[in-house]
$ cat upload_19.tsv   # TSV, C-alpha atoms
chain	number	residue	atom	x	y	z
G	1478	MET	CA	15.05	1.18	31.69
G	1479	LEU	CA	13.51	-2.29	31.52
G	1480	GLU	CA	12.22	-3.70	28.23
G	1481	HIS	CA	8.58	-3.74	29.34
G	1482	GLU	CA	8.86	-0.18	30.65
G	1483	LEU	CA	10.15	0.98	27.29
G	1484	GLU	CA	7.34	-0.87	25.52
G	1485	ALA	CA	4.78	0.80	27.81
G	1486	VAL	CA	6.28	4.23	27.08
G	1487	LEU	CA	6.21	3.62	23.34
G	1488	SER	CA	2.63	2.29	23.39
G	1489	ARG	CA	1.53	5.33	25.39
G	1490	HIS	CA	3.20	7.94	23.18
G	1491	LEU	CA	2.86	6.40	19.73
G	1492	GLY	CA	-0.84	5.60	19.71
G	1493	ARG	CA	-3.19	6.33	16.86
G	1494	VAL	CA	-4.36	9.90	16.31
G	1495	LYS	CA	-7.31	11.38	14.51
G	1496	ALA	CA	-6.57	12.56	11.00
G	1497	PRO	CA	-7.09	16.31	10.50
G	1498	PRO	CA	-10.23	17.37	8.59
G	1499	GLU	CA	-8.12	18.73	5.69
G	1500	LEU	CA	-7.26	15.18	4.73
G	1501	LYS	CA	-10.82	14.50	3.61
G	1502	ALA	CA	-10.83	17.11	0.86
G	1503	ALA	CA	-7.41	16.22	-0.46
G	1504	PRO	CA	-7.81	12.81	-2.08
G	1505	LEU	CA	-11.48	13.06	-3.00
G	1506	SER	CA	-11.46	16.41	-4.70
G	1507	ALA	CA	-7.72	17.01	-5.18
G	1508	PRO	CA	-7.45	20.77	-4.69
G	1509	ALA	CA	-5.32	22.62	-7.19
G	1510	ALA	CA	-3.26	24.27	-4.47
G	1511	PRO	CA	-2.65	23.22	-0.86
G	1512	THR	CA	-4.23	25.46	1.77
G	1513	ARG	CA	-1.50	25.05	4.36
G	1514	ARG	CA	1.81	26.91	4.34
G	1515	VAL	CA	4.28	25.42	1.85
G	1516	ARG	CA	7.93	26.38	1.62
G	1517	HIS	CA	8.54	28.56	-1.48
G	1518	TRP	CA	10.72	26.05	-3.35
G	1519	ARG	CA	8.08	23.35	-2.95
G	1520	GLN	CA	5.17	25.33	-4.38
G	1521	PRO	CA	5.68	24.46	-8.09
G	1522	LEU	CA	6.21	20.82	-7.18
G	1523	ALA	CA	3.14	20.71	-4.93
G	1524	ALA	CA	0.99	22.38	-7.61
G	1525	GLY	CA	2.22	19.86	-10.20
G	1526	ILE	CA	1.42	16.92	-7.94
G	1527	ALA	CA	-2.03	18.31	-7.14
G	1528	ALA	CA	-2.79	18.83	-10.84
G	1529	ALA	CA	-1.63	15.29	-11.69
G	1530	ALA	CA	-3.75	13.91	-8.83
G	1531	ALA	CA	-6.81	15.84	-10.09
G	1532	VAL	CA	-6.37	14.44	-13.60
G	1533	THR	CA	-5.89	10.92	-12.24
G	1534	VAL	CA	-8.97	11.15	-10.03
G	1535	PHE	CA	-11.02	12.50	-12.93
G	1536	LEU	CA	-9.89	9.70	-15.26
G	1537	VAL	CA	-10.54	6.99	-12.68
G	1538	TRP	CA	-14.02	8.17	-11.78
G	1539	HIS	CA	-15.06	8.79	-15.37
G	1540	ARG	CA	-13.86	5.57	-16.94
G	1541	PRO	CA	-16.59	3.29	-18.27
G	1542	PRO	CA	-18.18	1.05	-15.62
G	1543	SER	CA	-16.77	-2.46	-15.40
G	1544	SER	CA	-18.81	-5.63	-15.45
G	1545	ASP	CA	-18.05	-9.02	-14.05
G	1546	LEU	CA	-18.98	-12.64	-14.57
G	1547	LEU	CA	-18.31	-15.06	-11.74
G	1548	SER	CA	-18.07	-18.48	-13.32
G	1549	THR	CA	-15.97	-21.63	-13.47
G	1550	ASP	CA	-17.39	-22.67	-16.85
G	1551	PRO	CA	-15.00	-21.89	-19.78
G	1552	THR	CA	-17.75	-22.12	-22.41
G	1553	GLN	CA	-20.01	-19.70	-20.57
G	1554	MET	CA	-17.09	-17.34	-19.94
G	1555	ALA	CA	-15.95	-17.39	-23.59
G	1556	ALA	CA	-19.50	-16.63	-24.74
G	1557	TRP	CA	-19.83	-13.82	-22.20
G	1558	LEU	CA	-16.55	-12.28	-23.35
G	1559	LYS	CA	-17.51	-12.67	-27.00
G	1560	SER	CA	-20.74	-10.78	-26.36
G	1561	ARG	CA	-18.50	-7.94	-25.18
G	1562	SER	CA	-16.30	-8.02	-28.30
G	1563	PHE	CA	-13.48	-10.11	-26.79
G	1564	ASP	CA	-12.84	-13.30	-28.74
G	1565	VAL	CA	-10.73	-15.28	-26.27
G	1566	PRO	CA	-10.04	-18.91	-27.26
G	1567	LEU	CA	-10.53	-20.50	-23.84
G	1568	ARG	CA	-10.27	-24.28	-23.89
G	1569	SER	CA	-13.59	-25.92	-23.14
G	1570	ASP	CA	-11.79	-28.74	-21.28
G	1571	PRO	CA	-8.79	-27.24	-19.47
G	1572	PRO	CA	-6.74	-29.52	-17.17
G	1573	SER	CA	-8.08	-30.06	-13.66
G	1574	SER	CA	-5.25	-27.92	-12.23
G	1575	ILE	CA	-6.88	-24.87	-13.84
G	1576	ARG	CA	-10.02	-23.38	-12.33
G	1577	LEU	CA	-11.65	-20.23	-13.66
G	1578	THR	CA	-13.04	-17.76	-11.13
G	1579	ARG	CA	-14.02	-14.52	-12.82
G	1580	ALA	CA	-14.04	-12.54	-16.05
G	1581	ARG	CA	-14.16	-8.80	-16.03
G	1582	VAL	CA	-14.39	-6.14	-18.71
G	1583	ILE	CA	-13.12	-2.66	-17.89
G	1584	GLY	CA	-13.37	-0.29	-20.83
G	1585	THR	CA	-11.31	-1.82	-23.64
G	1586	THR	CA	-9.62	-4.42	-21.43
G	1587	ALA	CA	-10.78	-7.88	-20.39
G	1588	GLU	CA	-9.35	-9.75	-17.43
G	1589	ILE	CA	-9.79	-13.43	-16.74
G	1590	ASP	CA	-8.98	-14.48	-13.18
G	1591	TYR	CA	-8.22	-18.11	-12.53
G	1592	ARG	CA	-6.29	-20.46	-10.29
G	1593	VAL	CA	-3.38	-22.62	-11.37
G	1594	ALA	CA	-2.79	-25.44	-8.90
G	1595	GLY	CA	-4.45	-23.21	-6.33
G	1596	HIS	CA	-2.33	-20.13	-7.13
G	1597	ALA	CA	-3.70	-16.91	-8.59
G	1598	ALA	CA	-3.22	-16.04	-12.26
G	1599	VAL	CA	-4.77	-13.47	-14.54
G	1600	LEU	CA	-4.95	-13.26	-18.33
G	1601	THR	CA	-5.43	-9.73	-19.62
G	1602	VAL	CA	-6.63	-9.06	-23.15
G	1603	SER	CA	-6.21	-5.50	-24.33
G	1604	SER	CA	-5.46	-3.29	-27.28
G	1605	PRO	CA	-1.73	-3.28	-28.18
G	1606	SER	CA	-1.65	0.49	-27.83
G	1607	GLU	CA	-2.53	0.27	-24.14
G	1608	GLN	CA	0.06	0.17	-21.42
G	1609	ALA	CA	0.90	-3.33	-20.15
G	1610	PRO	CA	-1.23	-4.08	-17.09
G	1611	ASP	CA	0.37	-3.80	-13.67
G	1612	HIS	CA	-0.90	-6.45	-11.29
G	1613	GLY	CA	1.25	-5.45	-8.36
G	1614	VAL	CA	2.80	-8.51	-6.80
G	1615	TYR	CA	1.98	-10.72	-9.81
G	1616	HIS	CA	4.71	-11.65	-12.30
G	1617	VAL	CA	4.15	-11.09	-16.01
G	1618	VAL	CA	5.17	-14.44	-17.49
G	1619	ARG	CA	3.99	-14.17	-21.12
G	1620	SER	CA	2.91	-11.38	-23.41
G	1621	HIS	CA	2.08	-11.79	-27.09
G	1622	LEU	CA	0.01	-10.29	-29.86
G	1623	VAL	CA	-2.66	-12.44	-31.52
G	1624	ARG	CA	-5.08	-11.16	-34.16
G	1625	GLY	CA	-4.59	-7.57	-33.08
G	1626	GLN	CA	-5.11	-8.24	-29.37
G	1627	LEU	CA	-2.40	-8.12	-26.71
G	1628	TYR	CA	-2.53	-11.15	-24.37
G	1629	THR	CA	-0.65	-10.68	-21.09
G	1630	LEU	CA	-0.42	-13.55	-18.63
G	1631	SER	CA	0.50	-12.78	-15.01
G	1632	CYS	CA	0.97	-15.33	-12.26
G	1633	ALA	CA	1.43	-15.07	-8.51
G	1634	PHE	CA	4.21	-17.65	-8.90
G	1635	PRO	CA	6.38	-17.64	-12.07
G	1636	GLN	CA	6.79	-21.42	-11.92
G	1637	ASP	CA	3.08	-21.72	-12.80
G	1638	ALA	CA	3.71	-20.11	-16.21
G	1639	HIS	CA	3.69	-23.31	-18.26
G	1640	THR	CA	0.53	-24.73	-16.69
G	1641	ALA	CA	-1.17	-21.32	-16.83
G	1642	CYS	CA	-0.84	-21.32	-20.63
G	1643	LEU	CA	-3.05	-24.40	-20.75
G	1644	LEU	CA	-6.06	-22.14	-20.18
G	1645	CYS	CA	-6.08	-21.57	-23.95
G	1646	HIS	CA	-3.37	-23.81	-25.40
G	1647	MET	CA	-2.97	-27.57	-25.69
G	1648	GLY	CA	0.18	-28.91	-23.96
G	1649	ALA	CA	2.08	-29.42	-27.24
G	1650	GLU	CA	1.45	-25.80	-28.29
G	1651	VAL	CA	3.24	-24.32	-25.30
G	1652	ASN	CA	6.93	-23.74	-25.86
I	182	MET	CA	-15.59	-12.64	17.89
I	183	VAL	CA	-14.60	-14.79	14.92
I	184	LEU	CA	-18.03	-14.27	13.40
I	185	HIS	CA	-17.71	-10.52	13.91
I	186	GLU	CA	-14.29	-10.54	12.23
I	187	ASP	CA	-15.62	-12.61	9.31
I	188	ALA	CA	-18.57	-10.24	8.87
I	189	ARG	CA	-16.23	-7.25	8.86
I	190	GLU	CA	-13.96	-8.83	6.25
I	191	GLU	CA	-16.96	-9.72	4.08
I	192	SER	CA	-18.16	-6.12	4.37
I	193	ASP	CA	-14.67	-4.89	3.41
I	194	VAL	CA	-14.72	-7.14	0.34
I	195	GLN	CA	-18.07	-5.71	-0.76
I	196	ILE	CA	-16.83	-2.14	-0.32
I	197	ILE	CA	-13.62	-2.85	-2.25
I	198	GLU	CA	-15.50	-4.50	-5.09
I	199	ALA	CA	-17.77	-1.48	-5.29
I	200	CYS	CA	-14.67	0.76	-5.38
I	201	GLN	CA	-13.27	-1.36	-8.21
I	202	GLN	CA	-16.44	-0.66	-10.15
I	203	GLY	CA	-16.00	3.08	-9.70
I	204	ASP	CA	-18.48	3.66	-6.87
I	205	SER	CA	-17.46	6.99	-5.29
I	206	ASP	CA	-19.60	6.41	-2.17
I	207	ALA	CA	-17.75	3.16	-1.56
I	208	PHE	CA	-14.41	4.93	-1.84
I	209	ALA	CA	-15.60	7.58	0.61
I	210	CYS	CA	-16.54	4.77	2.99
I	211	LEU	CA	-13.13	3.11	2.57
I	212	PHE	CA	-11.48	6.47	3.15
I	213	GLU	CA	-13.44	7.05	6.38
I	214	GLN	CA	-12.58	3.58	7.65
I	215	HIS	CA	-8.85	3.98	7.15
I	216	ARG	CA	-8.03	7.70	7.29
I	217	ASP	CA	-6.94	7.73	10.96
I	218	LYS	CA	-4.84	4.61	10.51
I	219	VAL	CA	-3.05	5.94	7.42
I	220	TYR	CA	-2.48	9.39	8.92
I	221	SER	CA	-1.24	7.96	12.24
I	222	ILE	CA	1.38	5.77	10.60
I	223	ALA	CA	2.53	8.65	8.41
I	224	LEU	CA	2.69	10.99	11.41
I	225	ARG	CA	4.54	8.57	13.67
I	226	PHE	CA	6.96	7.73	10.88
I	227	SER	CA	7.66	11.30	9.71
I	228	GLY	CA	7.23	13.09	13.05
I	229	ASP	CA	5.78	16.08	11.20
I	230	PRO	CA	2.03	16.81	10.73
I	231	ALA	CA	2.43	18.61	7.37
I	232	THR	CA	4.54	15.77	5.95
I	233	ALA	CA	2.08	13.23	7.35
I	234	LEU	CA	-0.78	15.01	5.58
I	235	ASP	CA	1.16	14.91	2.29
I	236	LEU	CA	1.93	11.23	2.77
I	237	ALA	CA	-1.65	10.32	3.68
I	238	GLN	CA	-2.94	12.23	0.67
I	239	ASP	CA	-0.47	10.41	-1.55
I	240	VAL	CA	-1.56	7.06	-0.12
I	241	PHE	CA	-5.25	7.70	-0.82
I	242	VAL	CA	-4.56	8.84	-4.38
I	243	LYS	CA	-2.55	5.65	-4.90
I	244	LEU	CA	-5.34	3.64	-3.34
I	245	LEU	CA	-7.87	5.20	-5.67
I	246	THR	CA	-5.80	4.61	-8.79
I	247	ARG	CA	-4.57	1.11	-7.90
I	248	ILE	CA	-7.65	-0.41	-6.27
I	249	GLN	CA	-8.16	-2.44	-9.46
I	250	ASP	CA	-4.95	-4.32	-8.65
I	251	PHE	CA	-6.33	-5.63	-5.38
I	252	ARG	CA	-7.37	-9.26	-5.70
I	253	ARG	CA	-10.09	-10.98	-3.74
I	254	GLY	CA	-8.56	-13.50	-1.37
I	255	ALA	CA	-5.77	-11.20	-0.23
I	256	ARG	CA	-6.12	-9.27	3.04
I	257	PHE	CA	-6.98	-5.68	2.28
I	258	GLU	CA	-5.39	-4.38	5.49
I	259	THR	CA	-2.05	-5.98	4.63
I	260	TRP	CA	-2.22	-4.51	1.12
I	261	LEU	CA	-3.05	-1.08	2.54
I	262	TYR	CA	-0.22	-1.29	5.07
I	263	ARG	CA	2.19	-2.06	2.20
I	264	VAL	CA	1.02	1.00	0.26
I	265	VAL	CA	1.52	3.19	3.37
I	266	VAL	CA	4.92	1.67	4.18
I	267	ASN	CA	6.15	2.16	0.61
I	268	ALA	CA	4.93	5.76	0.54
I	269	CYS	CA	6.73	6.51	3.82
I	270	LEU	CA	9.98	4.82	2.79
I	271	ASP	CA	9.91	6.47	-0.67
I	272	HIS	CA	9.42	9.83	0.99
I	273	GLN	CA	12.38	9.13	3.26
I	274	LYS	CA	14.58	8.26	0.26
I	275	ARG	CA	13.65	11.51	-1.51
I	276	LYS	CA	14.31	13.50	1.65
I	277	ARG	CA	17.72	11.93	2.10
I	278	ARG	CA	18.80	13.05	-1.35
I	279	PHE	CA	18.49	16.63	-0.09
I	280	LEU	CA	19.70	16.17	3.47
I	281	PRO	CA	22.24	13.35	3.40
I	282	PHE	CA	23.08	12.10	6.85
I	283	LEU	CA	22.63	15.56	8.38
I	284	GLU	CA	20.40	14.50	11.23
I	285	GLU	CA	22.50	11.49	12.18
I	286	ALA	CA	25.68	13.53	11.92
I	287	LEU	CA	24.34	16.20	14.28
I	288	ASP	CA	23.06	13.57	16.65
I	289	SER	CA	26.46	11.89	16.93
I	290	VAL	CA	28.53	15.10	17.05
I	291	LEU	CA	26.56	17.02	19.69
I	292	PRO	CA	27.16	15.64	23.18
I	293	ALA	CA	24.29	15.53	25.69
I	294	GLY	CA	23.73	18.74	27.62
I	295	GLU	CA	25.04	21.16	25.04
I	296	THR	CA	23.49	23.78	22.75
I	297	ALA	CA	20.83	22.42	20.40
I	298	LEU	CA	20.48	19.15	22.21
I	299	SER	CA	20.02	20.94	25.51
I	300	ASP	CA	17.09	22.80	24.01
I	301	LEU	CA	15.69	19.51	22.85
I	302	LEU	CA	16.07	17.99	26.28
I	303	ARG	CA	13.95	20.72	27.81
I	304	GLU	CA	10.94	19.67	25.82
I	305	GLU	CA	8.23	17.50	27.26
I	306	ALA	CA	8.83	13.76	27.49
I	307	GLN	CA	6.09	13.05	25.00
I	308	ASP	CA	7.67	15.16	22.32
I	309	TYR	CA	11.03	13.68	23.09
I	310	VAL	CA	9.84	10.10	22.70
I	311	ARG	CA	8.25	10.92	19.34
I	312	GLU	CA	11.30	12.77	18.18
I	313	ALA	CA	13.56	9.92	19.25
I	314	VAL	CA	11.41	7.54	17.20
I	315	ALA	CA	11.44	9.91	14.22
I	316	LYS	CA	15.25	9.82	14.25
I	317	LEU	CA	15.53	6.06	14.05
I	318	PRO	CA	16.80	4.62	10.76
I	319	PRO	CA	13.74	4.29	8.45
I	320	ARG	CA	13.44	0.50	8.46
I	321	HIS	CA	13.76	0.30	12.24
I	322	ARG	CA	11.35	3.19	12.64
I	323	MET	CA	8.73	1.52	10.48
I	324	VAL	CA	8.85	-1.64	12.60
I	325	VAL	CA	8.37	0.46	15.76
I	326	VAL	CA	5.42	2.34	14.23
I	327	LEU	CA	3.68	-0.83	13.04
I	328	ARG	CA	4.24	-2.43	16.42
I	329	TYR	CA	3.23	0.41	18.74
I	330	THR	CA	0.87	2.53	16.65
I	331	GLU	CA	-0.90	-0.32	14.91
I	332	ASP	CA	-0.31	-3.03	17.52
I	333	LEU	CA	0.64	-5.58	14.86
I	334	SER	CA	2.23	-8.90	15.80
I	335	TYR	CA	5.74	-9.82	14.62
I	336	GLU	CA	4.17	-12.13	12.02
I	337	GLU	CA	1.88	-9.42	10.68
I	338	ILE	CA	4.75	-6.94	10.46
I	339	ALA	CA	6.86	-9.53	8.62
I	340	ASP	CA	3.99	-10.06	6.18
I	341	VAL	CA	3.61	-6.33	5.51
I	342	LEU	CA	7.34	-5.70	5.10
I	343	GLY	CA	8.03	-8.90	3.16
I	344	CYS	CA	10.75	-10.08	5.54
I	345	SER	CA	11.15	-12.82	8.12
I	346	ARG	CA	9.89	-12.74	11.70
I	347	GLY	CA	13.53	-12.89	12.80
I	348	THR	CA	14.35	-9.73	10.85
I	349	VAL	CA	11.42	-7.96	12.52
I	350	ALA	CA	12.60	-9.11	15.96
I	351	SER	CA	16.15	-8.00	15.20
I	352	ARG	CA	15.10	-4.53	13.95
I	353	LEU	CA	12.80	-4.04	16.93
I	354	ASN	CA	15.51	-5.09	19.34
I	355	ARG	CA	18.00	-2.69	17.75
I	356	ALA	CA	15.40	0.12	17.82
I	357	HIS	CA	14.71	-0.55	21.51
I	358	LYS	CA	18.41	-0.25	22.30
I	359	ILE	CA	18.74	3.07	20.45
I	360	LEU	CA	15.59	4.46	22.05
I	361	GLU	CA	16.60	3.29	25.50
I	362	ARG	CA	19.93	5.11	25.15
I	363	ARG	CA	18.30	8.31	23.94
I	364	LEU	CA	15.55	8.28	26.57
I	365	LYS	CA	18.08	7.61	29.31
I	366	ARG	CA	20.02	10.65	28.13
I	367	PHE	CA	16.82	12.66	28.35
I	368	GLY	CA	16.15	11.34	31.87
I	369	ASN	CA	19.68	12.26	33.00
I	370	ALA	CA	19.34	15.76	31.61
I	371	ARG	CA	16.06	16.24	33.46
I	372	ALA	CA	17.47	14.95	36.78
$ encode --input "upload_19.tsv" --output "structure tokens"
Amino acid sequence: MLEHELEAVLSRHLGRVKAPPELKAAPLSAPAAPTRRVRHWRQPLAAGIAAAAAVTVFLVWHRPPSSDLLSTDPTQMAAWLKSRSFDVPLRSDPPSSIRLTRARVIGTTAEIDYRVAGHAAVLTVSSPSEQAPDHGVYHVVRSHLVRGQLYTLSCAFPQDAHTACLLCHMGAEVN
Amino acid sequence: MVLHEDAREESDVQIIEACQQGDSDAFACLFEQHRDKVYSIALRFSGDPATALDLAQDVFVKLLTRIQDFRRGARFETWLYRVVVNACLDHQKRKRRFLPFLEEALDSVLPAGETALSDLLREEAQDYVREAVAKLPPRHRMVVVLRYTEDLSYEEIADVLGCSRGTVASRLNRAHKILERRLKRFGNARA
């Protein structure tokens, strides 16, 4: 069989299909028990997963609404955060390699998105009792407690860690 | 065409931002846009509709709970593909804990034209192709699914899987060789 013949066969037989209608109900309402036949040893596991999914969906949809500020101005952003009970000591004159993009408050957590030499970074300010934020592909490069607030700094590239600290700190303060 | 693509991406961004703010209508919209894609990958990877439904459900729950992690500037489709790929490969790992090497062992022990394999060979070509794909090693199978179900380029597949273009080409080449051998065996049995 020639290469292009094989490719044609695969393209013909592996195309996209329409998802069955049962899929719609599953993630949006998370039924307590699956309607299709499940092997007997999987039933307790499936019920557990469905219950966990229902709780997760409930918590996500009922969390307090978030609010955002799109701004590159540190003074404006600090004031906006302060008005929402987050006292974040952003430098009013950060180095030119740092550019703020957005601040966001979700429940009891504030996130400050910015760029460090063009790369993404995010500073999260939260209560120490909360779980450390997971920013997927970002690397957590610093995490420390200041005046009862947990500051977690995550960068797309770990080598940006030192420069990223200059969002709040003067150069000499960063160790 | 470029304008159309830009408009679509801008619309995606708006929907995702609404999802991040807890808008359930936006999530329903995102779900409608991607349900066939997610289910198709899961089905082609697992080869089993019930497993595919489980996997797709798992993906959308993950999407719902982790949408806050998605950052503007990244491509949503690539991020979604990664979530689907990880769900499929995780499922495969869990499955292998219960059935270690059984399928591969049977495949290598049973010669063509005998017993269980003979039954398999009597099935329609379409089922056989899908089954042959479902028996590929997981990482090779995923490359085949992304290539032929989703029509992704080598570069896009490399981006989703976090590997080089060369690795994608090598896995696809190896998968082609395995599939060619298996499909030839099917052809011989039918002749």
$ atom_distance --input "upload_19.tsv" --atom1 "CA of Arg1561 in chain G" --atom2 "CA of Thr1601 in chain G"
14.3 Å
$ atom_distance --input "upload_19.tsv" --atom1 "CA of Thr1552 in chain G" --atom2 "CA of Ser1604 in chain G"
23.0 Å
$ closest_residue --input "upload_19.tsv" --among "I:Ala209, I:Val324, I:Leu333, I:Leu270" --to "chain G" --atoms "all atoms listed in the file"
I:Ala209
$ atom_distance --input "upload_19.tsv" --atom1 "CA of Asp1637 in chain G" --atom2 "CA of Ser1573 in chain G"
14.0 Å
$ closest_residue --input "upload_19.tsv" --among "G:Ile1589, G:Leu1622, G:Ala1641, G:Ala1529" --to "Pro1572 in chain G" --atoms "all atoms listed in the file"
G:Ala1641
$ closest_residue --input "upload_19.tsv" --among "I:Arg328, I:Glu337, I:Ala350, I:His215" --to "Ala1485 in chain G" --atoms "only C-alpha atoms"
I:Arg328
$ closest_residue --input "upload_19.tsv" --among "G:Thr1578, G:Ser1560, G:Thr1629, G:Ser1606" --to "chain I" --atoms "only C-alpha atoms"
G:Thr1578
$ residues_around --input "upload_19.tsv" --residues "Ser1544 in chain G" --least-positions-apart "5" --cutoff "8 Å" --atoms "only C-alpha atoms" --output "JSON, numbers by chain"
{"G": [1581, 1582, 1583], "I": [202]}
$ closest_residue --input "upload_19.tsv" --among "G:Pro1605, G:Gly1595, G:Pro1635, G:Pro1521" --to "chain I" --atoms "only C-alpha atoms"
G:Gly1595
